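Q: Sharing a structure here in structure tokens format.
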Amino acid sequence: MKYLKIITYELFVFLVFYLLFLHIRIAQIPNQTVPDNADYLIILGARVIGTDPSPLLQERINTAAAYLEDNPFSRYCY
């Protein structure tokens, strides 16, 4: 019984540190710089209201268009 409590505690501590590590790694993603002339540019979708893109999708489209203007040899997928 004592060993079961110790193992449970160690697994809990490991899980907490693992989730903290994942949170830190995910939080770092928006701060990464995008390489110039990437082979492909993937634009993730978002909500479309009628025939108009949502503000989030419009932001993604504008950002992708600006990137493609600076890097004409990149291809895009949507």
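Scheme for the structure tokens: letters A, B, ... for chains in order shown; per-chain residue numbers from 1; ligand numbers from 1 in order shown.
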Name the residues in contact with stretch 60-77 of chain A at a cut-off of 10 Å, using only C-alpha atoms, excluding same-chain residues fewer than 5 positions from it; report them as a PyMOL selection string.

A: chain A and resi 34-46+53-55

Q: Could you write out, as a PyMOL selection string, all the residues of chain A that DSSP marks as helix (DSSP H, G or I)?

A: chain A and resi 2-31+55-70

Q: Can you tell me how far atom CA of A:His23 sits from atom CA of A:Gln58, in Å to one decimal?

A: 27.1 Å

Q: Write out as a ChimeraX atom specification the set of residues from chain A that DSSP, computed on the backbone, places in strand (DSSP E).

A: /A:40-42,48-49,52-53,75-77

Q: Grab the atom CA of A:Thr33 to atom CA of A:Leu56 distance for me, in Å with one decimal place.

A: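 Between these atoms lies a distance of 20.1 Å.
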